[in-house]
$ cat my_file.cif   # mmCIF, C-alpha atoms
data_data
loop_
_atom_site.label_atom_id
_atom_site.label_comp_id
_atom_site.auth_asym_id
_atom_site.auth_seq_id
_atom_site.Cartn_x
_atom_site.Cartn_y
_atom_site.Cartn_z
CA MET S 1 -14.93 -32.38 -22.39
CA PRO S 2 -14.20 -35.55 -24.39
CA ARG S 3 -15.69 -38.79 -23.29
CA ILE S 4 -13.11 -41.09 -21.88
CA PRO S 5 -13.31 -44.62 -23.26
CA VAL S 6 -13.87 -46.99 -20.42
CA SER S 7 -11.05 -49.21 -21.61
CA GLN S 8 -8.56 -46.51 -20.78
CA ILE S 9 -9.60 -46.26 -17.24
CA HIS S 10 -7.99 -49.37 -15.98
CA SER S 11 -5.51 -48.30 -13.41
CA TYR S 12 -7.31 -45.48 -11.79
CA ARG S 13 -8.85 -45.86 -8.42
CA ILE S 14 -11.44 -43.88 -6.60
CA SER S 15 -10.23 -43.29 -3.14
CA ALA S 16 -11.39 -41.07 -0.37
CA GLY S 17 -8.75 -38.50 0.26
CA ARG S 18 -5.91 -40.33 -1.43
CA SER S 19 -5.05 -40.16 -5.09
CA VAL S 20 -2.63 -42.03 -7.25
CA SER S 21 0.44 -40.32 -8.58
CA VAL S 22 0.04 -37.96 -11.50
CA ARG S 23 1.89 -40.12 -13.97
CA GLN S 24 -0.44 -43.03 -13.50
CA ARG S 25 -3.60 -41.03 -13.94
CA PRO S 26 -5.16 -40.27 -17.29
CA CYS S 27 -4.82 -36.54 -17.68
CA ALA S 28 -8.50 -35.79 -17.89
CA LEU S 29 -9.00 -37.09 -14.40
CA ARG S 30 -5.88 -35.64 -12.93
CA HIS S 31 -7.58 -33.27 -10.59
CA LEU S 32 -10.27 -35.61 -9.53
CA SER S 33 -10.21 -36.23 -5.86
CA THR S 34 -12.90 -37.28 -3.56
CA SER S 35 -12.03 -35.08 -0.68
CA PRO S 36 -15.28 -34.15 0.98
CA ILE S 37 -14.17 -30.60 1.61
CA ALA S 38 -13.86 -29.86 -2.08
CA SER S 39 -17.17 -31.29 -3.11
CA ALA S 40 -19.50 -31.12 -0.19
CA PRO S 41 -20.81 -27.56 -0.34
CA GLU S 42 -21.93 -27.81 -3.90
CA HIS S 43 -24.70 -30.30 -4.02
CA PRO S 44 -26.71 -31.94 -1.34
CA THR S 45 -26.04 -35.56 -1.91
CA THR S 46 -28.51 -38.28 -1.19
CA LYS S 47 -27.30 -41.50 0.24
CA ASP S 48 -27.47 -43.64 -2.80
CA SER S 49 -26.47 -41.21 -5.48
CA PRO S 50 -23.41 -42.07 -7.49
CA ARG S 51 -21.81 -38.97 -6.09
CA ALA S 52 -22.35 -40.07 -2.56
CA THR S 53 -20.89 -43.38 -3.44
CA MET S 54 -17.88 -41.69 -4.88
CA LEU S 55 -17.47 -39.62 -1.79
CA ASN S 56 -17.96 -42.35 0.69
CA THR S 57 -15.89 -45.10 -0.82
CA PRO S 58 -13.28 -45.91 1.74
CA ALA S 59 -9.67 -46.18 0.87
CA SER S 60 -8.51 -49.72 0.59
CA GLY S 61 -4.88 -49.37 -0.23
CA ILE S 62 -3.06 -47.45 -2.86
CA TYR S 63 -2.58 -50.29 -5.24
CA SER S 64 -5.44 -52.50 -6.21
CA ASN S 65 -5.43 -55.52 -8.39
CA ILE S 66 -9.05 -55.17 -9.35
CA PRO S 67 -9.44 -53.29 -12.59
CA LEU S 68 -11.11 -49.95 -12.37
CA THR S 69 -14.01 -50.86 -14.59
CA LYS S 70 -14.97 -53.73 -12.38
CA ARG S 71 -14.82 -51.60 -9.25
CA MET S 72 -16.94 -49.01 -10.87
CA LYS S 73 -19.50 -51.58 -11.83
CA GLU S 74 -19.54 -52.87 -8.28
CA LEU S 75 -20.14 -49.44 -6.87
CA GLY S 76 -22.66 -48.47 -9.53
CA ILE S 77 -20.67 -45.55 -10.89
CA THR S 78 -20.57 -44.85 -14.58
CA VAL S 79 -18.02 -42.91 -16.53
CA GLY S 80 -20.66 -40.29 -17.00
CA ASP S 81 -20.81 -39.87 -13.24
CA LEU S 82 -17.10 -39.43 -13.15
CA GLN S 83 -17.24 -36.83 -15.84
CA ARG S 84 -20.03 -34.95 -14.17
CA GLU S 85 -18.16 -34.98 -10.89
CA HIS S 86 -15.09 -33.71 -12.66
CA ALA S 87 -17.02 -30.95 -14.35
CA ARG S 88 -18.53 -29.96 -11.03
CA ARG S 89 -15.16 -29.69 -9.41
CA GLU S 90 -13.77 -27.75 -12.33
CA GLN S 91 -16.63 -25.35 -11.95
CA LEU S 92 -15.95 -25.00 -8.26
CA LYS S 93 -12.30 -24.34 -8.92
CA ASN S 94 -13.12 -21.73 -11.52
CA ARG S 95 -15.51 -20.10 -9.15
CA THR S 96 -12.87 -20.01 -6.43
CA SER S 97 -10.37 -18.44 -8.81
CA GLY S 98 -13.02 -15.98 -9.83
CA TYR S 99 -13.60 -15.01 -6.22
CA TYR S 100 -9.90 -14.59 -5.66
CA ALA S 101 -9.60 -12.35 -8.68
CA LEU S 102 -12.59 -10.30 -7.63
CA SER S 103 -11.28 -9.86 -4.11
CA LEU S 104 -7.94 -8.77 -5.53
CA LEU S 105 -9.67 -6.15 -7.65
CA VAL S 106 -11.74 -4.86 -4.75
CA GLY S 107 -8.68 -4.82 -2.53
CA THR S 108 -6.73 -2.79 -5.07
CA LEU S 109 -9.57 -0.29 -5.41
CA ALA S 110 -9.87 0.06 -1.65
CA LEU S 111 -6.13 0.53 -1.33
CA SER S 112 -6.08 3.23 -3.96
CA TYR S 113 -8.82 5.12 -2.12
CA ALA S 114 -7.14 4.70 1.21
CA ALA S 115 -3.82 5.80 -0.20
CA VAL S 116 -4.78 9.47 -0.27
CA PRO S 117 -5.32 10.07 3.46
CA PHE S 118 -2.63 7.55 4.26
CA TYR S 119 -0.09 9.41 2.16
CA ARG S 120 -1.08 12.68 3.72
CA LEU S 121 -0.67 11.25 7.19
CA LEU S 122 2.68 9.76 6.30
CA CYS S 123 3.93 13.04 4.93
CA GLN S 124 2.80 14.94 7.96
CA LYS S 125 4.59 12.57 10.28
CA THR S 126 7.82 12.23 8.38
CA GLY S 127 8.03 15.50 6.48
CA TRP S 128 8.53 13.54 3.29
CA ALA S 129 8.16 15.25 -0.09
CA GLY S 130 8.55 18.68 1.41
CA THR S 131 5.65 18.68 3.80
CA PRO S 132 6.45 20.98 6.69
CA ILE S 133 6.35 19.26 10.05
CA VAL S 134 4.16 21.07 12.47
CA GLU S 135 5.74 20.11 15.72
CA SER S 136 7.27 22.22 18.40
CA SER S 137 10.21 19.88 18.58
CA LYS S 138 11.27 21.15 15.20
CA ILE S 139 12.05 24.55 16.66
CA THR S 140 14.65 23.87 19.30
CA PRO S 141 17.40 26.16 20.49
CA ASP S 142 20.01 24.32 18.48
CA ARG S 143 18.16 25.18 15.29
CA LEU S 144 18.24 28.84 16.14
CA ILE S 145 21.98 29.27 15.77
CA PRO S 146 22.95 31.19 12.63
CA VAL S 147 25.04 29.13 10.26
CA ASP S 148 28.68 29.92 9.98
CA SER S 149 28.71 31.04 6.40
CA ASN S 150 28.21 34.18 4.39
CA ARG S 151 24.86 32.99 3.19
CA LYS S 152 22.37 35.82 3.05
CA ILE S 153 18.76 35.57 2.15
CA ILE S 154 16.58 38.57 1.47
CA VAL S 155 13.08 38.11 2.79
CA ARG S 156 10.61 40.46 1.15
CA PHE S 157 7.20 41.10 2.58
CA GLU S 158 3.98 41.44 0.70
CA SER S 159 0.46 41.81 1.88
CA ASP S 160 -2.97 41.23 0.44
CA VAL S 161 -6.45 41.86 1.64
CA SER S 162 -9.58 40.08 0.55
CA ARG S 163 -12.01 42.23 -1.35
CA SER S 164 -14.70 41.74 1.25
CA LEU S 165 -12.51 42.99 4.05
CA PRO S 166 -12.39 46.78 4.42
CA TRP S 167 -8.99 46.82 6.03
CA LYS S 168 -5.74 48.39 5.06
CA PHE S 169 -2.98 45.87 5.55
CA GLU S 170 0.64 46.52 4.74
CA PRO S 171 4.12 45.50 5.81
CA LEU S 172 6.13 48.04 7.74
CA GLN S 173 9.42 47.06 6.18
CA ARG S 174 10.13 46.15 2.60
CA GLN S 175 12.66 43.46 3.33
CA VAL S 176 14.88 41.89 5.92
CA THR S 177 18.20 40.18 5.24
CA VAL S 178 18.80 37.07 7.30
CA THR S 179 21.10 34.10 7.57
CA PRO S 180 19.71 30.61 7.93
CA GLY S 181 19.24 29.93 11.60
CA GLU S 182 18.91 33.56 12.55
CA THR S 183 15.61 34.69 13.97
CA ALA S 184 14.11 37.85 12.61
CA LEU S 185 11.26 40.09 13.61
CA ALA S 186 9.04 41.81 11.08
CA PHE S 187 5.91 43.90 11.36
CA PHE S 188 2.70 44.38 9.50
CA LYS S 189 0.15 47.05 10.15
CA ALA S 190 -3.58 46.60 9.80
CA THR S 191 -6.18 49.35 9.90
CA ASN S 192 -9.89 48.78 10.08
CA LEU S 193 -11.27 51.37 7.71
CA SER S 194 -14.92 50.63 8.36
CA ASN S 195 -17.18 51.68 11.22
CA GLN S 196 -17.84 48.17 12.50
CA ASP S 197 -15.87 45.67 14.50
CA ILE S 198 -14.61 43.11 12.09
CA ILE S 199 -12.82 39.86 12.66
CA GLY S 200 -10.22 38.84 10.13
CA VAL S 201 -8.14 35.76 9.65
CA ALA S 202 -4.78 35.71 7.95
CA THR S 203 -2.92 33.07 6.07
CA TYR S 204 0.47 33.19 4.49
CA ASN S 205 2.41 32.00 1.51
CA VAL S 206 6.12 31.53 0.95
CA THR S 207 7.66 31.78 -2.48
CA PRO S 208 9.57 29.95 -3.94
CA ASP S 209 7.76 26.80 -2.89
CA GLN S 210 10.91 24.85 -2.15
CA VAL S 211 11.75 27.14 0.72
CA ALA S 212 8.51 26.33 2.50
CA PRO S 213 9.81 23.35 4.49
CA TYR S 214 12.66 25.49 5.78
CA PHE S 215 10.61 28.53 6.64
CA SER S 216 9.58 28.29 10.27
CA LYS S 217 7.52 30.78 12.15
CA ILE S 218 7.98 30.93 15.87
CA GLN S 219 5.08 33.24 16.34
CA CYS S 220 2.91 35.36 14.13
CA PHE S 221 -0.65 36.49 13.75
CA CYS S 222 -1.97 34.05 11.23
CA PHE S 223 -4.59 31.32 11.48
CA GLU S 224 -6.38 32.88 14.40
CA GLN S 225 -9.21 35.30 14.36
CA GLN S 226 -8.05 38.82 14.98
CA GLN S 227 -10.63 41.40 15.81
CA LEU S 228 -10.16 45.02 14.99
CA ARG S 229 -12.56 47.56 16.36
CA ALA S 230 -13.95 50.18 14.07
CA GLY S 231 -11.22 52.47 12.91
CA GLU S 232 -8.57 50.70 14.95
CA GLN S 233 -5.00 50.37 13.82
CA VAL S 234 -2.76 47.67 15.16
CA ASP S 235 0.74 46.34 14.58
CA MET S 236 1.18 42.67 13.95
CA PRO S 237 4.59 41.10 14.38
CA VAL S 238 5.99 38.01 12.76
CA PHE S 239 8.87 36.20 14.40
CA PHE S 240 10.45 33.71 12.05
CA PHE S 241 13.65 32.08 10.93
CA ILE S 242 14.95 29.96 8.10
CA ASP S 243 16.11 26.54 9.17
CA PRO S 244 19.90 26.07 9.17
CA ASP S 245 19.53 22.99 6.97
CA PHE S 246 18.63 25.38 4.17
CA ASP S 247 22.30 26.16 3.87
CA ILE S 248 23.36 22.58 3.24
CA ASP S 249 20.58 21.65 0.87
CA PRO S 250 22.08 21.68 -2.64
CA GLN S 251 18.70 22.38 -4.20
CA MET S 252 18.49 25.65 -2.33
CA LYS S 253 21.88 26.86 -3.44
CA HIS S 254 20.55 29.27 -6.03
CA ILE S 255 17.86 30.78 -3.84
CA HIS S 256 18.71 34.18 -2.46
CA GLU S 257 15.31 35.77 -2.16
CA VAL S 258 12.20 34.68 -0.40
CA VAL S 259 8.85 36.40 -0.55
CA LEU S 260 6.56 36.13 2.44
CA ASN S 261 3.03 37.10 1.59
CA TYR S 262 0.25 37.48 4.14
CA THR S 263 -3.36 37.68 3.13
CA PHE S 264 -6.23 38.70 5.33
CA PHE S 265 -9.71 37.36 4.90
CA LYS S 266 -12.89 38.25 6.60
CA ALA S 267 -14.41 35.79 9.02
CA LYS S 268 -17.99 35.12 8.02
CA THR S 269 -20.97 36.00 10.19
CA ASN S 270 -24.59 35.01 10.15
CA ALA S 271 -27.56 37.36 10.29
CA SER S 272 -27.22 38.11 13.98
CA GLY S 273 -23.54 38.92 13.66
CA GLN S 274 -22.28 35.64 15.04
CA TYR S 275 -19.13 34.33 13.48
CA LEU S 276 -19.77 30.99 11.87
CA THR S 277 -17.21 29.87 9.43
CA VAL S 278 -13.73 30.83 8.54
CA PRO S 279 -12.71 31.09 4.92
CA ASP S 280 -9.74 29.13 3.79
CA ALA S 281 -7.08 30.54 1.54
CA ALA S 282 -9.09 29.96 -1.62
CA GLY S 283 -12.00 31.95 -0.26
CA ASN S 284 -14.16 28.91 0.33
CA GLU S 285 -15.94 28.68 3.61
CA ILE S 286 -14.91 26.04 6.04
CA ALA S 287 -17.41 25.24 8.74
CA GLY S 288 -16.02 25.18 12.22
CA GLN S 289 -12.78 26.47 13.59
CA ILE S 290 -9.61 27.80 12.18
CA PRO S 291 -8.22 25.83 9.26
CA ILE S 292 -4.89 24.41 10.15
CA ALA S 293 -3.89 23.26 6.70
CA VAL S 294 -5.22 25.33 3.87
CA SER S 295 -4.56 25.28 0.18
CA THR S 296 -2.20 27.77 -1.39
CA THR S 297 -3.40 31.27 -1.96
CA GLY S 298 -2.46 31.02 -5.60
CA THR S 299 0.21 33.58 -6.31
CA MET I 1 -4.42 26.08 -7.63
CA SER I 2 -1.47 24.00 -8.57
CA PHE I 3 -3.36 21.25 -10.33
CA GLY I 4 -1.78 21.53 -13.71
CA GLY I 5 1.25 23.60 -12.88
CA ALA I 6 2.79 21.46 -10.22
CA SER I 7 2.77 18.19 -12.07
CA GLY I 8 6.53 18.08 -12.22
CA ASN I 9 7.06 19.42 -8.75
CA ALA I 10 6.56 16.94 -5.97
CA LYS I 11 6.54 19.56 -3.25
CA VAL I 12 3.28 21.34 -2.64
CA PHE I 13 3.24 24.32 -0.34
CA ARG I 14 1.04 23.99 2.69
CA PRO I 15 0.85 26.87 5.18
CA THR I 16 1.42 25.76 8.71
CA PRO I 17 0.46 27.39 11.96
CA PRO I 18 3.27 29.03 13.90
CA ASP I 19 5.07 27.17 16.59
CA ARG I 20 3.88 29.22 19.49
CA GLY I 21 0.58 30.24 18.04
CA SER I 22 -0.52 33.74 17.41
CA PHE I 23 0.67 36.95 18.96
CA PRO I 24 -2.14 38.59 20.89
CA LEU I 25 -2.91 41.91 19.28
CA ASP I 26 -1.36 44.94 20.87
CA HIS I 27 -4.57 46.93 20.82
CA ASP I 28 -3.34 49.67 23.12
CA GLY I 29 -0.04 50.13 21.37
CA GLU I 30 1.91 49.48 24.53
CA CYS I 31 4.98 48.31 22.74
CA GLN I 32 4.71 50.57 19.76
CA ALA I 33 7.62 52.72 20.82
CA HIS I 34 9.92 49.73 20.87
CA MET I 35 8.66 48.68 17.49
CA GLN I 36 9.32 52.10 16.04
CA VAL I 37 12.88 52.14 17.28
CA TYR I 38 13.45 48.71 15.81
CA LEU I 39 12.01 49.71 12.46
CA ASP I 40 14.14 52.83 12.35
CA CYS I 41 17.17 50.70 12.97
CA LEU I 42 16.17 48.40 10.15
CA ARG I 43 15.72 51.26 7.75
CA SER I 44 19.10 52.69 8.47
CA SER I 45 21.77 52.13 5.88
CA ARG I 46 23.68 49.57 7.91
CA SER I 47 20.84 47.11 7.72
CA ARG I 48 21.15 46.51 4.01
CA GLU I 49 23.73 43.86 4.55
CA ARG I 50 22.13 42.02 7.37
CA VAL I 51 20.12 42.68 10.46
CA PRO I 52 22.86 44.12 12.64
CA ALA I 53 23.45 42.91 16.12
CA ASP I 54 22.05 46.00 17.78
CA CYS I 55 18.86 45.83 15.74
CA ARG I 56 18.42 42.33 17.04
CA LEU I 57 18.85 43.69 20.53
CA LEU I 58 16.05 46.13 19.79
CA ALA I 59 13.94 43.24 18.64
CA LYS I 60 14.72 41.61 21.93
CA GLU I 61 13.57 44.79 23.67
CA TYR I 62 10.31 44.66 21.81
CA LEU I 63 9.68 41.05 22.67
CA SER I 64 10.54 41.59 26.31
CA CYS I 65 8.08 44.50 26.30
CA ARG I 66 5.45 42.10 25.03
CA MET I 67 6.33 39.53 27.62
CA GLU I 68 6.02 42.06 30.42
CA ARG I 69 2.64 43.23 29.24
CA GLY I 70 1.34 39.71 28.89
CA LEU I 71 1.21 39.89 25.13
CA MET I 72 3.60 37.00 24.73
CA LEU I 73 4.44 33.92 26.70
CA LYS I 74 7.61 34.33 28.68
CA ASP I 75 10.41 32.21 27.40
CA GLU I 76 14.16 31.85 27.56
CA TRP I 77 16.00 33.96 25.05
CA ILE I 78 17.91 30.98 23.85
CA ASN I 79 14.67 29.39 22.74
CA LEU I 80 14.01 32.43 20.62
CA GLY I 81 17.45 32.60 19.10
CA LEU I 82 18.29 35.89 20.70
CA PRO I 83 21.35 36.65 22.79
CA ASP I 84 21.05 36.09 26.48
CA ASP I 85 20.82 38.94 28.97
CA LYS I 86 23.66 37.86 31.20
CA LYS I 87 26.39 37.50 28.65
CA ASP I 88 27.99 40.34 26.80
CA SER I 89 25.67 40.71 23.85
CA ARG I 90 28.27 41.81 21.31
CA ALA I 91 30.60 38.96 21.95
CA ASP I 92 27.79 36.47 22.09
CA VAL I 93 26.27 37.13 18.70
CA PRO I 94 28.27 34.94 16.34
CA ASP I 95 27.60 36.97 13.24
CA ASN I 96 30.31 39.51 13.86
CA ARG I 97 31.88 39.01 10.52
CA SER I 98 32.14 41.11 7.39
#
$ encode --input "my_file.cif" --output "structure tokens"
Amino acid sequence: MPRIPVSQIHSYRISAGRSVSVRQRPCALRHLSTSPIASAPEHPTTKDSPRATMLNTPASGIYSNIPLTKRMKELGITVGDLQREHARREQLKNRTSGYYALSLLVGTLALSYAAVPFYRLLCQKTGWAGTPIVESSKITPDRLIPVDSNRKIIVRFESDVSRSLPWKFEPLQRQVTVTPGETALAFFKATNLSNQDIIGVATYNVTPDQVAPYFSKIQCFCFEQQQLRAGEQVDMPVFFFIDPDFDIDPQMKHIHEVVLNYTFFKAKTNASGQYLTVPDAAGNEIAGQIPIAVSTTGT
Amino acid sequence: MSFGGASGNAKVFRPTPPDRGSFPLDHDGECQAHMQVYLDCLRSSRSRERVPADCRLLAKEYLSCRMERGLMLKDEWINLGLPDDKKDSRADVPDNRS
């Protein structure tokens, strides 16, 4: 910072809390103020230090007839003191800006991490971006009225069984033709081919993916553990419908076929035969109870 | 999964549990007869166009069988989208069109 010739500092005043207008001040000292709040935390000031003098000089009017140099001499402050004080305050200001910038960075990072669960929550509540809303209020009697158009959708059924599950699992009908809003009943049959009681868990998949928000199941056999005794055969119904809004959605105009695929997995047991974890759709074990939201089975 | 493939597609499929939960398994086959009749109706030639009204009545029979045996929670038919018992079922089903 350049040294300011003393002769140039003739109209500037040191005042506590008050400063002269910008135009009157030499530019190097523009930001210099003696407000205690700005300077106090930096250095402990002793009573007689030039800095203390600068801080404690009382205001004696905005305009003063005494030249600055004379006042400075009276108070025992040199230009060097002024410059040091200025440098100190500059440093403080830079540090404050630095802290602001750092906090902004940290805040942005935190926000980006929090965005993932927040977005998920938002989608679940509002059904935005195609997330199906899992609320009973979505299936109300007024949604179960078939739409008044010739729209027909063929729902095909497919079944899969995990390799570790010795069950035979198949749909009992190849397809069902429905209208949006019309409820339909379909059946699957599962046979336990082994000689042990086995608990299985099913999950499902709807193709094409865009139909998923419109595909609502009133009741089925998925997501809960179903036990089949050794050699037992049982029929599993699925009661579903396609939401009437499917008919008005322009993106769904070209869709005439939907494939509903159920996959059965084996619930895992520990050494004593106790069921511990339930696999999710990808075959990974999830500790605890039935997974409510699982990843796609990967068609 | 859909990591690379779904980059252009904003919608990701997520299986959801059914509205009323899971059907209890019909271990004793109590309603199997009703199911068989319904499936035969589906397989008949008429059902290629759409699930006919009488097949839906058979579905209603099956579900009422389940409700009686305690294999399903009792509910109003209107909540299940099926025609009511009291009204004339043929006139009530609005899909009586070609």
$ residues_around --input "my_file.cif" --residues "range 77-80 of chain I" --least-positions-apart "4" --cutoff "9 Å" --atoms "all atoms listed in the file" --output "PyMOL selection string"
(chain S and resi 139-142+144+183+218+239) or (chain I and resi 60+84-85)
$ resolve_selection --input "my_file.cif" --expression "the PyMOL selection byres ((chain I and resi 33-44) around 9)" --output "PyMOL selection string"
(chain S and resi 172-173+176+186-187+235) or (chain I and resi 29-32+45-48+51-52+54-59+61-63+65)
$ atom_distance --input "my_file.cif" --atom1 "CA of Arg89 in chain S" --atom2 "CA of Ala101 in chain S"
18.2 Å
$ atom_distance --input "my_file.cif" --atom1 "CA of Ile77 in chain S" --atom2 "CA of Met54 in chain S"
7.7 Å
$ resolve_selection --input "my_file.cif" --expression "the PyMOL selection byres ((chain S and resi 214-217) around 7)" --output "list in words"
Val211, Ala212, Pro213, Ile218, Gln219, Cys220, Phe239, Phe240, Phe241, Ile242, Asp243 and Phe246 of chain S; Pro18 and Asp19 of chain I
$ write_last_selection --input "my_file.cif" --atoms "C-alpha atoms" --output "PDB file, in the frame of the given file"
ATOM      1  CA  VAL S 211      11.750  27.140   0.720  1.00  0.00           C
ATOM      2  CA  ALA S 212       8.510  26.330   2.500  1.00  0.00           C
ATOM      3  CA  PRO S 213       9.810  23.350   4.490  1.00  0.00           C
ATOM      4  CA  ILE S 218       7.980  30.930  15.870  1.00  0.00           C
ATOM      5  CA  GLN S 219       5.080  33.240  16.340  1.00  0.00           C
ATOM      6  CA  CYS S 220       2.910  35.360  14.130  1.00  0.00           C
ATOM      7  CA  PHE S 239       8.870  36.200  14.400  1.00  0.00           C
ATOM      8  CA  PHE S 240      10.450  33.710  12.050  1.00  0.00           C
ATOM      9  CA  PHE S 241      13.650  32.080  10.930  1.00  0.00           C
ATOM     10  CA  ILE S 242      14.950  29.960   8.100  1.00  0.00           C
ATOM     11  CA  ASP S 243      16.110  26.540   9.170  1.00  0.00           C
ATOM     12  CA  PHE S 246      18.630  25.380   4.170  1.00  0.00           C
TER      13      PHE S 246
ATOM     14  CA  PRO I  18       3.270  29.030  13.900  1.00  0.00           C
ATOM     15  CA  ASP I  19       5.070  27.170  16.590  1.00  0.00           C
TER      16      ASP I  19
END
$ atom_distance --input "my_file.cif" --atom1 "CA of Arg156 in chain S" --atom2 "CA of Leu71 in chain I"
25.8 Å
$ closest_residue --input "my_file.cif" --among "S:Val238, S:Ile199, S:Ala52, S:Ile66" --to "chain I" --atoms "only C-alpha atoms"
S:Val238
$ closest_residue --input "my_file.cif" --among "S:Ile154, S:Met72, S:Leu165, S:Leu102" --to "chain I" --atoms "only C-alpha atoms"
S:Ile154
$ closest_residue --input "my_file.cif" --among "S:Val161, S:Val79, S:Met252, S:Val178" --to "chain I" --atoms "all atoms listed in the file"
S:Val178
$ residues_around --input "my_file.cif" --residues "Leu75 in chain S" --least-positions-apart "4" --cutoff "12 Å" --atoms "all atoms listed in the file" --output "PyMOL selection string"
chain S and resi 13-14+48-58+68-71+79+81
$ write_last_selection --input "my_file.cif" --atoms "C-alpha atoms" --output "PDB file, in the frame of the given file"
ATOM      1  CA  ARG S  13      -8.850 -45.860  -8.420  1.00  0.00           C
ATOM      2  CA  ILE S  14     -11.440 -43.880  -6.600  1.00  0.00           C
ATOM      3  CA  ASP S  48     -27.470 -43.640  -2.800  1.00  0.00           C
ATOM      4  CA  SER S  49     -26.470 -41.210  -5.480  1.00  0.00           C
ATOM      5  CA  PRO S  50     -23.410 -42.070  -7.490  1.00  0.00           C
ATOM      6  CA  ARG S  51     -21.810 -38.970  -6.090  1.00  0.00           C
ATOM      7  CA  ALA S  52     -22.350 -40.070  -2.560  1.00  0.00           C
ATOM      8  CA  THR S  53     -20.890 -43.380  -3.440  1.00  0.00           C
ATOM      9  CA  MET S  54     -17.880 -41.690  -4.880  1.00  0.00           C
ATOM     10  CA  LEU S  55     -17.470 -39.620  -1.790  1.00  0.00           C
ATOM     11  CA  ASN S  56     -17.960 -42.350   0.690  1.00  0.00           C
ATOM     12  CA  THR S  57     -15.890 -45.100  -0.820  1.00  0.00           C
ATOM     13  CA  PRO S  58     -13.280 -45.910   1.740  1.00  0.00           C
ATOM     14  CA  LEU S  68     -11.110 -49.950 -12.370  1.00  0.00           C
ATOM     15  CA  THR S  69     -14.010 -50.860 -14.590  1.00  0.00           C
ATOM     16  CA  LYS S  70     -14.970 -53.730 -12.380  1.00  0.00           C
ATOM     17  CA  ARG S  71     -14.820 -51.600  -9.250  1.00  0.00           C
ATOM     18  CA  VAL S  79     -18.020 -42.910 -16.530  1.00  0.00           C
ATOM     19  CA  ASP S  81     -20.810 -39.870 -13.240  1.00  0.00           C
TER      20      ASP S  81
END
$ residues_around --input "my_file.cif" --residues "Ser194 in chain S" --least-positions-apart "5" --cutoff "7 Å" --atoms "all atoms listed in the file" --output "ChimeraX atom specification"
/S:166,230-231
$ closest_residue --input "my_file.cif" --among "S:Arg84, S:Lys268, S:Lys125, S:Arg174" --to "chain I" --atoms "only C-alpha atoms"
S:Arg174
$ closest_residue --input "my_file.cif" --among "S:Leu109, S:Met236, S:Cys222, S:Leu92" --to "Ala202 in chain S" --atoms "all atoms listed in the file"
S:Cys222
$ closest_residue --input "my_file.cif" --among "I:Asp28, I:Arg69, I:Glu76, I:Gly81" --to "chain S" --atoms "only C-alpha atoms"
I:Gly81
$ resolve_selection --input "my_file.cif" --expression "the PyMOL selection byres ((chain S and resi 207) around 9)" --output "number ranges by chain"
S: 205-206, 208-212, 257-261, 299; I: 13
$ residues_near_point --input "my_file.cif" --point "(21.8, 30.0, 15.3)" --cutoff "6 Å" --atoms "only C-alpha atoms" --output "PyMOL selection string"
chain S and resi 144-146+181-182
